[in-house]
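One file, structure_15.csv, is given below (CSV, C-alpha atoms).
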```
chain,number,residue,atom,x,y,z
O,1,MET,CA,5.9,17.6,13.1
O,2,THR,CA,8.3,19.5,10.9
O,3,PRO,CA,11.2,18.0,8.9
O,4,ALA,CA,13.5,20.2,11.0
O,5,PHE,CA,12.3,18.5,14.2
O,6,PHE,CA,13.2,15.1,12.8
O,7,LEU,CA,16.6,16.4,11.7
O,8,VAL,CA,17.3,17.4,15.3
O,9,ILE,CA,16.3,13.9,16.5
O,10,LEU,CA,18.5,12.3,13.9
O,11,CYS,CA,21.5,14.4,14.8
O,12,LEU,CA,21.1,13.8,18.5
O,13,GLY,CA,20.7,10.1,18.0
O,14,ILE,CA,23.9,9.9,15.9
O,15,LEU,CA,26.0,12.1,18.2
O,16,SER,CA,24.9,10.7,21.5
O,17,GLY,CA,24.3,7.1,20.5
O,18,VAL,CA,21.4,7.1,23.0
O,19,SER,CA,17.8,7.0,22.0
O,20,ALA,CA,15.2,9.1,23.7
O,21,PHE,CA,12.5,6.6,22.5
O,22,ASP,CA,10.0,4.9,24.7
O,23,PRO,CA,11.6,1.6,25.8
O,24,SER,CA,8.2,0.0,26.4
O,25,LEU,CA,7.7,0.1,22.7
O,26,ASP,CA,10.9,-1.6,21.8
O,27,VAL,CA,9.4,-5.1,21.3
O,28,GLU,CA,6.4,-3.7,19.4
O,29,TRP,CA,8.7,-1.7,17.1
O,30,LYS,CA,10.8,-4.8,16.2
O,31,GLU,CA,7.7,-6.9,15.7
O,32,TRP,CA,6.2,-4.2,13.4
O,33,MET,CA,9.4,-3.9,11.4
O,34,GLY,CA,9.4,-7.7,10.9
O,35,SER,CA,5.8,-7.9,10.1
O,36,PHE,CA,6.0,-5.3,7.3
O,37,GLU,CA,9.5,-6.2,6.2
O,38,LYS,CA,11.0,-2.8,7.0
O,39,LEU,CA,14.8,-2.4,6.6
O,40,TYR,CA,16.6,0.8,7.5
O,41,SER,CA,20.1,2.1,7.8
O,42,PRO,CA,21.0,3.0,11.5
O,43,GLU,CA,20.5,6.7,10.7
O,44,GLU,CA,17.2,6.1,8.9
O,45,GLU,CA,15.9,3.9,11.7
O,46,VAL,CA,16.2,6.8,14.2
O,47,LEU,CA,14.0,9.0,12.0
O,48,ARG,CA,11.5,6.3,11.2
O,49,ARG,CA,11.2,5.2,14.9
O,50,ALA,CA,10.4,8.8,15.9
O,51,ILE,CA,7.7,9.1,13.3
O,52,TRP,CA,6.3,5.6,14.2
O,53,GLU,CA,6.1,6.4,17.9
O,54,GLU,CA,4.2,9.6,17.2
O,55,ASN,CA,1.7,7.6,15.1
O,56,VAL,CA,1.4,5.0,17.8
O,57,LYS,CA,0.4,7.7,20.3
O,58,ARG,CA,-2.1,9.1,17.8
O,59,ILE,CA,-3.7,5.7,17.2
O,60,LYS,CA,-3.9,4.8,20.9
O,61,LEU,CA,-5.4,8.2,21.8
O,62,HIS,CA,-8.0,7.8,19.0
O,63,ASN,CA,-8.9,4.3,20.1
O,64,ARG,CA,-9.3,5.4,23.8
O,65,GLU,CA,-11.7,8.1,22.6
O,66,ASN,CA,-13.5,5.5,20.5
O,67,SER,CA,-14.0,3.3,23.6
O,68,LEU,CA,-15.7,6.4,25.2
O,69,GLY,CA,-18.0,6.8,22.2
O,70,LYS,CA,-16.3,9.9,21.0
O,71,ASN,CA,-15.8,8.6,17.4
O,72,THR,CA,-17.3,5.9,15.2
O,73,TYR,CA,-14.2,3.9,14.0
O,74,THR,CA,-11.0,2.4,15.2
O,75,MET,CA,-7.5,2.9,13.9
O,76,GLY,CA,-4.6,0.4,13.8
O,77,LEU,CA,-0.9,0.2,12.9
O,78,ASN,CA,-0.1,-0.8,9.3
O,79,GLY,CA,2.6,-0.4,6.8
O,80,PHE,CA,2.2,3.4,6.7
O,81,ALA,CA,3.1,4.0,10.3
O,82,ASP,CA,6.7,5.1,9.6
O,83,MET,CA,5.5,8.0,7.4
O,84,THR,CA,4.6,11.5,8.2
O,85,ASP,CA,1.3,12.8,6.9
O,86,GLU,CA,3.2,14.8,4.2
O,87,GLU,CA,5.2,11.8,3.1
O,88,PHE,CA,2.0,9.7,2.9
O,89,MET,CA,0.2,12.3,0.8
O,90,ASN,CA,3.2,12.6,-1.6
O,91,ILE,CA,3.7,8.9,-2.1
O,92,VAL,CA,0.2,7.3,-2.0
O,93,ILE,CA,-2.4,10.0,-2.9
O,94,GLY,CA,-2.7,10.9,-6.5
O,95,ALA,CA,-6.2,11.5,-7.8
O,96,THR,CA,-7.3,14.8,-9.3
O,97,LEU,CA,-10.6,16.2,-10.6
O,98,PRO,CA,-11.1,15.9,-14.4
O,99,VAL,CA,-11.0,19.1,-16.4
O,100,ASP,CA,-14.2,18.0,-18.1
O,101,ASN,CA,-16.4,17.4,-15.1
O,102,THR,CA,-19.8,17.6,-17.0
O,103,ARG,CA,-22.5,15.8,-15.2
O,104,LYS,CA,-25.8,14.3,-16.3
O,105,SER,CA,-28.6,16.7,-15.3
O,106,LEU,CA,-31.1,14.0,-14.7
O,107,TRP,CA,-30.9,10.4,-13.4
O,108,LYS,CA,-33.7,8.3,-15.0
O,109,ARG,CA,-34.7,4.9,-13.6
O,110,ALA,CA,-36.6,2.3,-15.5
O,111,LEU,CA,-39.0,1.2,-12.8
O,112,GLY,CA,-41.6,-0.5,-15.1
O,113,SER,CA,-45.1,0.2,-13.9
O,114,PRO,CA,-46.1,3.4,-12.2
O,115,PHE,CA,-46.3,3.5,-8.4
O,116,PRO,CA,-48.8,5.2,-6.1
O,117,LYS,CA,-48.0,8.7,-4.8
O,118,SER,CA,-47.3,7.3,-1.4
O,119,TRP,CA,-44.5,5.1,-2.7
O,120,TYR,CA,-41.0,6.0,-1.7
O,121,TRP,CA,-38.4,5.1,-4.3
O,122,LYS,CA,-35.9,3.9,-1.7
O,123,ASP,CA,-38.3,1.2,-0.7
O,124,ALA,CA,-37.6,-0.6,-4.0
O,125,LEU,CA,-33.9,-0.9,-3.2
O,126,PRO,CA,-32.3,-3.5,-0.9
O,127,LYS,CA,-31.3,-2.4,2.6
O,128,PHE,CA,-27.9,-4.0,2.1
O,129,VAL,CA,-25.7,-4.4,-1.0
O,130,ASP,CA,-22.4,-6.1,-1.2
O,131,TRP,CA,-21.3,-7.0,-4.8
O,132,ARG,CA,-18.6,-9.4,-3.5
O,133,ASN,CA,-21.4,-11.8,-2.6
O,134,GLU,CA,-22.6,-11.8,-6.2
O,135,GLY,CA,-19.1,-12.5,-7.7
O,136,TYR,CA,-18.6,-9.0,-9.2
O,137,VAL,CA,-15.4,-8.0,-7.3
O,138,THR,CA,-11.8,-9.2,-7.8
O,139,ARG,CA,-9.3,-9.4,-5.0
O,140,VAL,CA,-7.8,-6.4,-3.3
O,141,ARG,CA,-4.6,-5.2,-4.9
O,142,ASN,CA,-1.8,-2.8,-3.7
O,143,GLN,CA,-0.8,0.3,-5.7
O,144,ARG,CA,2.5,0.4,-3.7
O,145,ASN,CA,4.6,3.6,-4.0
O,146,CYS,CA,2.8,4.7,-7.1
O,147,ASN,CA,0.1,7.3,-7.2
O,148,SER,CA,-2.1,5.1,-9.4
O,149,CYS,CA,-5.1,5.0,-7.2
O,150,TRP,CA,-7.2,6.5,-10.0
O,151,ALA,CA,-6.7,3.4,-12.2
O,152,PHE,CA,-7.9,0.7,-9.8
O,153,PRO,CA,-11.6,1.8,-9.6
O,154,VAL,CA,-11.6,2.0,-13.4
O,155,THR,CA,-10.6,-1.6,-13.8
O,156,GLY,CA,-12.9,-2.6,-10.9
O,157,ALA,CA,-16.0,-1.0,-12.3
O,158,ILE,CA,-15.3,-2.6,-15.7
O,159,GLU,CA,-14.6,-6.0,-14.2
O,160,GLY,CA,-18.0,-5.8,-12.5
O,161,GLN,CA,-19.9,-4.9,-15.6
O,162,MET,CA,-18.1,-7.5,-17.7
O,163,PHE,CA,-19.0,-10.1,-15.1
O,164,LYS,CA,-22.6,-9.0,-15.3
O,165,LYS,CA,-22.6,-9.4,-19.0
O,166,THR,CA,-20.5,-12.6,-19.4
O,167,GLY,CA,-20.5,-14.4,-16.1
O,168,LYS,CA,-16.7,-14.3,-16.1
O,169,LEU,CA,-14.7,-12.3,-13.6
O,170,ILE,CA,-11.3,-11.4,-15.2
O,171,PRO,CA,-8.9,-9.1,-13.3
O,172,LEU,CA,-8.0,-6.3,-15.7
O,173,SER,CA,-4.7,-4.5,-16.2
O,174,VAL,CA,-4.1,-1.4,-14.0
O,175,GLN,CA,-0.6,-1.2,-15.6
O,176,ASN,CA,-2.2,-0.8,-19.0
O,177,LEU,CA,-3.9,2.4,-17.8
O,178,VAL,CA,-0.8,3.7,-16.0
O,179,ASP,CA,1.3,3.3,-19.1
O,180,CYS,CA,-1.1,4.3,-21.8
O,181,SER,CA,-3.6,7.0,-20.7
O,182,ARG,CA,-1.3,10.0,-21.0
O,183,PRO,CA,-3.0,11.2,-24.1
O,184,GLN,CA,-6.3,11.4,-22.1
O,185,GLY,CA,-4.5,13.5,-19.4
O,186,ASN,CA,-3.4,11.0,-16.8
O,187,ARG,CA,0.2,11.0,-15.5
O,188,GLY,CA,0.9,7.4,-14.6
O,189,CYS,CA,2.4,7.2,-11.1
O,190,ARG,CA,2.2,11.0,-10.5
O,191,TRP,CA,-1.6,11.5,-10.6
O,192,GLY,CA,-4.7,11.0,-12.7
O,193,ASN,CA,-8.5,10.5,-12.5
O,194,THR,CA,-11.1,7.9,-13.3
O,195,TYR,CA,-12.8,10.1,-15.9
O,196,ASN,CA,-9.6,10.1,-18.1
O,197,GLY,CA,-9.2,6.4,-17.4
O,198,PHE,CA,-12.6,5.5,-18.8
O,199,GLN,CA,-12.0,7.8,-21.7
O,200,TYR,CA,-8.8,5.8,-22.5
O,201,VAL,CA,-10.5,2.4,-22.5
O,202,LEU,CA,-13.4,3.8,-24.6
O,203,HIS,CA,-11.3,5.4,-27.3
O,204,ASN,CA,-8.6,2.7,-27.2
O,205,GLY,CA,-11.1,0.1,-28.0
O,206,GLY,CA,-10.1,-2.2,-25.2
O,207,LEU,CA,-8.1,-3.0,-22.1
O,208,GLU,CA,-5.8,-6.0,-21.4
O,209,ALA,CA,-6.1,-8.4,-18.5
O,210,GLN,CA,-3.8,-8.4,-15.5
O,211,ALA,CA,-2.5,-11.8,-16.7
O,212,THR,CA,-1.1,-10.4,-20.0
O,213,TYR,CA,-0.1,-6.9,-18.7
O,214,PRO,CA,0.8,-7.3,-15.0
O,215,TYR,CA,1.1,-4.5,-12.5
O,216,GLU,CA,4.6,-3.1,-11.9
O,217,GLY,CA,4.0,-0.1,-9.6
O,218,LYS,CA,5.9,2.2,-11.9
O,219,GLU,CA,5.2,3.9,-15.2
O,220,GLY,CA,6.6,2.4,-18.4
O,221,LEU,CA,6.2,2.5,-22.1
O,222,CYS,CA,2.7,1.7,-23.4
O,223,ARG,CA,2.7,-2.0,-24.5
O,224,TYR,CA,-1.0,-2.5,-25.2
O,225,ASN,CA,-1.7,-5.3,-27.6
O,226,PRO,CA,-5.2,-5.3,-29.1
O,227,LYS,CA,-4.9,-9.1,-29.6
O,228,ASN,CA,-4.9,-9.4,-25.8
O,229,SER,CA,-7.8,-7.1,-25.1
O,230,ALA,CA,-10.0,-8.6,-22.4
O,231,ALA,CA,-12.7,-6.0,-22.0
O,232,LYS,CA,-14.3,-3.2,-24.0
O,233,ILE,CA,-16.8,-0.5,-23.0
O,234,THR,CA,-19.4,1.3,-25.1
O,235,GLY,CA,-19.4,4.4,-22.9
O,236,PHE,CA,-19.6,5.5,-19.3
O,237,VAL,CA,-22.0,7.4,-17.1
O,238,VAL,CA,-21.0,10.3,-14.9
O,239,LEU,CA,-23.5,10.6,-12.1
O,240,PRO,CA,-24.8,13.8,-10.6
O,241,GLU,CA,-23.5,14.8,-7.2
O,242,SER,CA,-26.2,13.0,-5.1
O,243,GLU,CA,-26.0,10.2,-2.6
O,244,ASP,CA,-29.5,9.2,-3.5
O,245,VAL,CA,-28.5,8.8,-7.1
O,246,LEU,CA,-25.4,7.0,-6.1
O,247,MET,CA,-27.3,4.6,-3.9
O,248,ASP,CA,-29.6,3.8,-6.8
O,249,ALA,CA,-26.7,3.2,-9.1
O,250,VAL,CA,-24.8,1.0,-6.7
O,251,ALA,CA,-28.0,-1.1,-6.1
O,252,THR,CA,-29.1,-1.5,-9.7
O,253,LYS,CA,-25.9,-1.2,-11.8
O,254,GLY,CA,-23.0,-2.7,-9.8
O,255,PRO,CA,-19.7,-1.4,-8.4
O,256,ILE,CA,-19.2,2.3,-9.0
O,257,ALA,CA,-15.9,4.2,-9.4
O,258,THR,CA,-15.6,7.4,-7.4
O,259,GLY,CA,-13.3,10.0,-5.9
O,260,ILE,CA,-13.0,10.9,-2.2
O,261,HIS,CA,-11.1,13.3,0.0
O,262,VAL,CA,-8.5,11.6,2.2
O,263,VAL,CA,-7.5,13.1,5.5
O,264,SER,CA,-4.2,11.3,5.9
O,265,SER,CA,-3.9,11.6,9.6
O,266,SER,CA,-6.9,9.3,10.1
O,267,PHE,CA,-7.9,7.6,6.8
O,268,ARG,CA,-4.6,5.8,6.4
O,269,PHE,CA,-4.9,4.1,9.8
O,270,TYR,CA,-8.5,3.0,9.5
O,271,ASP,CA,-9.1,-0.4,11.0
O,272,GLY,CA,-12.8,-0.9,11.5
O,273,GLY,CA,-16.2,0.8,12.2
O,274,VAL,CA,-17.9,3.5,10.1
O,275,TYR,CA,-15.4,6.1,9.2
O,276,TYR,CA,-16.5,9.7,9.8
O,277,GLU,CA,-13.9,12.5,9.6
O,278,PRO,CA,-15.0,16.0,10.5
O,279,ASN,CA,-12.0,17.4,8.7
O,280,CYS,CA,-13.0,16.0,5.3
O,281,THR,CA,-13.6,18.5,2.5
O,282,SER,CA,-15.0,18.4,-1.0
O,283,SER,CA,-11.5,18.3,-2.5
O,284,VAL,CA,-11.0,14.9,-4.2
O,285,ASN,CA,-7.5,13.5,-3.8
O,286,HIS,CA,-8.1,9.7,-3.9
O,287,ALA,CA,-10.1,7.2,-5.9
O,288,VAL,CA,-11.9,4.1,-4.7
O,289,LEU,CA,-14.5,1.6,-5.9
O,290,ILE,CA,-17.9,1.5,-4.1
O,291,ILE,CA,-19.1,-2.1,-3.9
O,292,GLY,CA,-22.1,-1.7,-1.6
O,293,TYR,CA,-23.8,0.0,1.2
O,294,GLY,CA,-25.7,-0.8,4.4
O,295,TYR,CA,-26.0,0.3,8.1
O,296,VAL,CA,-24.7,-0.8,11.5
O,297,GLY,CA,-27.1,-1.5,14.3
O,298,ASN,CA,-30.7,-0.5,13.7
O,299,GLU,CA,-31.8,1.2,10.6
O,300,THR,CA,-33.2,4.1,12.6
O,301,ASP,CA,-29.8,4.7,14.3
O,302,GLY,CA,-28.5,6.5,11.2
O,303,ASN,CA,-25.2,4.6,11.1
O,304,ASN,CA,-25.4,4.2,7.3
O,305,TYR,CA,-22.3,3.4,5.3
O,306,TRP,CA,-20.8,3.0,1.9
O,307,LEU,CA,-18.7,-0.1,1.4
O,308,ILE,CA,-15.6,0.8,-0.5
O,309,LYS,CA,-12.7,-1.2,-2.0
O,310,ASN,CA,-9.3,0.5,-1.7
O,311,SER,CA,-6.0,-0.2,-3.4
O,312,TRP,CA,-3.6,-0.3,-0.4
O,313,GLY,CA,-3.5,-4.1,0.0
O,314,ARG,CA,-5.3,-6.5,2.3
O,315,ARG,CA,-3.5,-5.3,5.4
O,316,TRP,CA,-5.2,-2.0,5.4
O,317,GLY,CA,-8.7,-1.5,6.9
O,318,LEU,CA,-11.1,-4.3,6.8
O,319,SER,CA,-8.9,-6.6,4.6
O,320,GLY,CA,-8.6,-3.8,2.1
O,321,TYR,CA,-12.2,-2.4,2.5
O,322,MET,CA,-13.8,0.4,4.4
O,323,MET,CA,-17.2,1.4,5.7
O,324,ILE,CA,-17.4,5.2,5.2
O,325,ALA,CA,-20.3,7.4,6.4
O,326,LYS,CA,-23.3,7.5,4.1
O,327,ASP,CA,-26.1,10.1,4.0
O,328,ARG,CA,-23.9,12.6,5.9
O,329,ASN,CA,-24.0,15.5,3.3
O,330,ASN,CA,-21.7,13.8,0.8
O,331,HIS,CA,-19.1,13.0,3.4
O,332,CYS,CA,-15.5,13.2,2.1
O,333,ALA,CA,-17.0,14.0,-1.4
O,334,ILE,CA,-18.0,10.4,-1.9
O,335,ALA,CA,-20.6,11.2,-4.5
O,336,SER,CA,-18.7,14.0,-6.2
O,337,LEU,CA,-17.0,12.0,-9.0
O,338,ALA,CA,-19.0,8.8,-9.3
O,339,GLN,CA,-19.0,6.9,-12.7
O,340,TYR,CA,-19.7,3.5,-14.1
O,341,PRO,CA,-19.1,2.0,-17.6
O,342,THR,CA,-21.5,0.5,-20.0
O,343,VAL,CA,-20.4,-2.6,-21.9
```

Take the structure in the file and write it out as structure tokens.
Amino acid sequence: MTPAFFLVILCLGILSGVSAFDPSLDVEWKEWMGSFEKLYSPEEEVLRRAIWEENVKRIKLHNRENSLGKNTYTMGLNGFADMTDEEFMNIVIGATLPVDNTRKSLWKRALGSPFPKSWYWKDALPKFVDWRNEGYVTRVRNQRNCNSCWAFPVTGAIEGQMFKKTGKLIPLSVQNLVDCSRPQGNRGCRWGNTYNGFQYVLHNGGLEAQATYPYEGKEGLCRYNPKNSAAKITGFVVLPESEDVLMDAVATKGPIATGIHVVSSSFRFYDGGVYYEPNCTSSVNHAVLIIGYGYVGNETDGNNYWLIKNSWGRRWGLSGYMMIAKDRNNHCAIASLAQYPTV
């Protein structure tokens, strides 16, 4: 839908005073507005209702196809349902590839004793990993209308490694990264990437906790206080572009920060199942935290997934999480920008 189309709807709604909307959706519209605390002017409501109805149709069509086995995941209404795809991309998506994208040429594992030639390395890894069960993962947060997605996986990966080292799970400050990592190349609520975020924490010598430097959803002056530093890193590892390497790292190291490509028409309404989007490309535009992996059904069915933590609140997806296709040719670039810190 074009902006011009919605302008026509807006003008017709004002001039005629009569809505061309589907009356069978009136109750659902009001309930959705109340549930997500949406308040509009009369003119704005005409526009938002039109967008919302189109998204409702899209979601219902997708779920009908899901019931027929034509796709692998379901979609649902959430707080993004009154946005066009273009608005969503402009407001929520904000990850970019780093300029320095150098990767390690070899991933070495310390396996201990040698294995027979018939041994397959994946056999040494667990079939299922979920670092939430081990206490490595803090609660899901919400970036709100700030393109700070790149900062949340940075704090999440460091939180996990600090827990591994100290046994204490301390939520770290995303706002500290938003406000202070401009010298490394990030741009606060406009865009950034995890690589620059880790660079900031490393060269800054620390990062504050959420408790002392809370999230505001907007960029401000850097207020980092070294006396309040809650975590430090000694470096970070950039993984090669390989799902096998990524699986090994997730299983043996902990939560991993990564970038992905978001197709806004489907990803933003994800509600359950294993997400597979044929229109995904290798162009990274969002950042998430991988906290595990597994499979649905029987192992031989091939319904493998990565378990990712997003930064869009608990009312998106599986209470803020998603299962996204694994071992499907680096689907949505899931292994293209994977990193974890050392502490």

Item to complete: For O:Gly76, please output as a VMD selection string all residues within 10 Å (counting only C-alpha atoms; exclusion window: fewer than 5 positions along the same chain).
Response: chain O and resid 55 to 56 58 to 60 62 to 63 81 266 268 to 272 316 to 317

Residue selection dump (C-alpha atoms) as a PDB file, in the frame of the given file:
```
ATOM      1  CA  ASN O  55       1.700   7.600  15.100  1.00  0.00           C
ATOM      2  CA  VAL O  56       1.400   5.000  17.800  1.00  0.00           C
ATOM      3  CA  ARG O  58      -2.100   9.100  17.800  1.00  0.00           C
ATOM      4  CA  ILE O  59      -3.700   5.700  17.200  1.00  0.00           C
ATOM      5  CA  LYS O  60      -3.900   4.800  20.900  1.00  0.00           C
ATOM      6  CA  HIS O  62      -8.000   7.800  19.000  1.00  0.00           C
ATOM      7  CA  ASN O  63      -8.900   4.300  20.100  1.00  0.00           C
ATOM      8  CA  ALA O  81       3.100   4.000  10.300  1.00  0.00           C
ATOM      9  CA  SER O 266      -6.900   9.300  10.100  1.00  0.00           C
ATOM     10  CA  ARG O 268      -4.600   5.800   6.400  1.00  0.00           C
ATOM     11  CA  PHE O 269      -4.900   4.100   9.800  1.00  0.00           C
ATOM     12  CA  TYR O 270      -8.500   3.000   9.500  1.00  0.00           C
ATOM     13  CA  ASP O 271      -9.100  -0.400  11.000  1.00  0.00           C
ATOM     14  CA  GLY O 272     -12.800  -0.900  11.500  1.00  0.00           C
ATOM     15  CA  TRP O 316      -5.200  -2.000   5.400  1.00  0.00           C
ATOM     16  CA  GLY O 317      -8.700  -1.500   6.900  1.00  0.00           C
TER      17      GLY O 317
END
```

Worksheet item: Can you tell me how far atom CA of O:Thr155 sits from atom CA of O:Phe80, in Å to one decimal?
Response: 24.7 Å

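As for atom CA of O:Leu289 and atom CA of O:Ala157, they are spaced 7.1 Å apart.
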
Worksheet item: Quick one: residues within 12 Å of O:Ile324, only C-alpha atoms counted, chain neighbours fewer than 5 positions away excluded, as an MDAnalysis selection string?
Response: chainID O and resid 72:73 260:262 267 270:277 280 288 290:296 303:310 317:318 330:335

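Distances from O:Gln210, O:Ser41, O:Thr138, O:Ser264 to O:Gly160 were compared using all atoms listed in the file, and the smallest one belongs to O:Thr138.
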
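Minimum distance to O:Thr234 across O:Glu45, O:Val129, O:Glu87, O:Ile158 (counting all atoms listed in the file) occurs at O:Ile158.
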
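Counting from atom CA of O:Lys168, the distance to atom CA of O:Gly188 is 28.0 Å.
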
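Between O:Cys146 and the residues O:Glu54, O:Asp327, O:Glu159, O:Glu219, the shortest atom-to-atom distance, using only C-alpha atoms, involves O:Glu219.
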
Excluding same-chain residues fewer than 6 positions from stretch 25-38 of chain O, what lies within 9 Å of it counting all atoms listed in the file, as a compact mmCIF listing (two decimals) with C-alpha atoms, in the coordinates of the input?
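Full text of out.txt as output:
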```
# COMPACT_ATOMS: atom_id res chain seq x y z
CA ARG O 49 11.20 5.20 14.90
CA TRP O 52 6.30 5.60 14.20
CA GLU O 53 6.10 6.40 17.90
CA LEU O 77 -0.90 0.20 12.90
CA ASN O 78 -0.10 -0.80 9.30
CA GLY O 79 2.60 -0.40 6.80
```
